[in-house]
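I have placed the structure first, in the form of structure tokens, so that the comments after it can refer back to it.
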Amino acid sequence: MKTQTLTQEQLDCRLKNTPETLYSAVRTILDFNFLTGNDPEDESFSEFLEMLDAETAEKIREASLQMDDHPDEPEIFLLENESTTFLDLVAEDHEGHKVILIEGDINLSGNLFIEEYVTLIVAGRITAKNIIVNGSLYSSGSLTCDVLFGASANDNETFTAGNIYASLIAENGQYTHSEGKIYSKYLISFHNEIEGRTGKFIENAIIETDSEAFRLHPEVLDKNGYFDESAFLQFINQHPVEALFR
């Protein structure tokens with residue numbers, strides 16, 4: 001796969017060619033998490049500090065100045081994807097957070113995996129067997145897969161400006177949002193929300209609390225009867241989605 005390093009300005013110029021809803025969502029999260037620090041002279045930041053006690057405010061102000069002196073900005077890459085089988089996007093041990101932009105559709109016979117320190121932005125549609133998101137995923141087009149699963153301890157999100165078509169949509173701490181409609185046979189939502197702005201159509205089972213985990217196959221539960229993420233990921237690679245439910 002061919003990669004090209006981008007600056008923040010180059011990324012921003014390319015994002016402006018995507019739908020406004022996607023551009024806004026991406027810019028908000030990148031600005032908040034990575035690309036801008038807390039400026040002590042910023043009015044909103046100053047107002048926030050005024051709400052705190054003097055000692056806490058001073059500690060936060062000092063930390064902000066240190067962050068400005070030692071910025072931890074992510075590397076930004078334009079990736080020319082050539083794979084039609086599977087795509088694993090990960091950050092190596094020596095790397096920090098990575099932002100990856102793919103311009104064009106992704107069509108995979110296997111899985112798309114996005115590791116927790118990766119933010120993937122796709123200017124196009126995504127089709128894969130399973131889409132597993134531990135980092136963040138932003139797509140201008142629809143998502144089509146057997147399983148769409150997100151889990152990031154509620155730190156990241158999955159966002160599409162299109163629709164979501166899946167046999168199962170599941171999250172274990174991942175905000176999942178479609179600007180269009182969601183069509184799925186099954187839905188599992190334990191610790192966040194799965195939203196379709198213009199509609200959410202679930203054909204069969206919906207599980208939305210930990211207490212309902214008993215309705216799942218025993219192989220995806222731990223010894224205490226709670227959802228086991230690792231066992232779940234292994235199960236869906238070996239069995240059809242329907243086998244997941246009792």
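Residue names in the structure tokens use chain letters A, B, ... in the order shown, residue numbers from 1 in each chain, and ligand numbers from 1 in the order shown.
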
Once you count only C-alpha atoms, what closest atom pair and distance in Å to one decimal does each residue of range 9-30 of chain A within 9 Å of range 119-141 of chain A have, with rows by chain and rising residue number, as a tab-separated table?
```
residue	atom	partner	partner_atom	distance
A:Leu15	CA	A:Ala123	CA	8.2
A:Asn17	CA	A:Ala123	CA	8.6
A:Thr18	CA	A:Ala123	CA	6.4
A:Pro19	CA	A:Ser140	CA	6.5
A:Thr21	CA	A:Ser140	CA	8.6
A:Leu22	CA	A:Ser140	CA	6.2
A:Tyr23	CA	A:Ser140	CA	8.9
A:Ala25	CA	A:Tyr138	CA	8.2
A:Val26	CA	A:Tyr138	CA	7.1
```

Got a sec: who's within 7 Å of Val99 in chain A, counting only C-alpha atoms, leaving out chain neighbours fewer than 3 positions off, as a ChimeraX atom specification? /A:74-77,118-120

Quick one: everything within 7 Å of range 236-244 of chain A, counting only C-alpha atoms, minus sequence neighbours fewer than 2 positions away in the same chain. Send it as a list in words.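 Listed by chain and then number, they are Ser167, Leu168, Leu216, His217, Phe232, Leu233, Gln234 and Arg246 of chain A.
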
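Near range 171-175 of chain A, within 9 Å and counting only C-alpha atoms, sit Val133, Asn134, Ser136, Leu148, Phe149, Gly150, Ala151, Ser152, Ala153, Asn154, Asp155, Asn156, Glu157, Thr158, Phe159, Leu187, Ile188, Ser189, Phe190, His191, Asn192, Glu193, Ile194, Glu195, Phe227 and Glu229 of chain A, not including residues fewer than 5 positions from it in the same chain.
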
Using only C-alpha atoms, determine which residues lie at most 12 Å from Glu92 in chain A, disregarding the query and same-chain residues fewer than 6 positions distant; provide the list as JSON, numbers by chain. {"A": [98, 115, 116, 117, 118]}
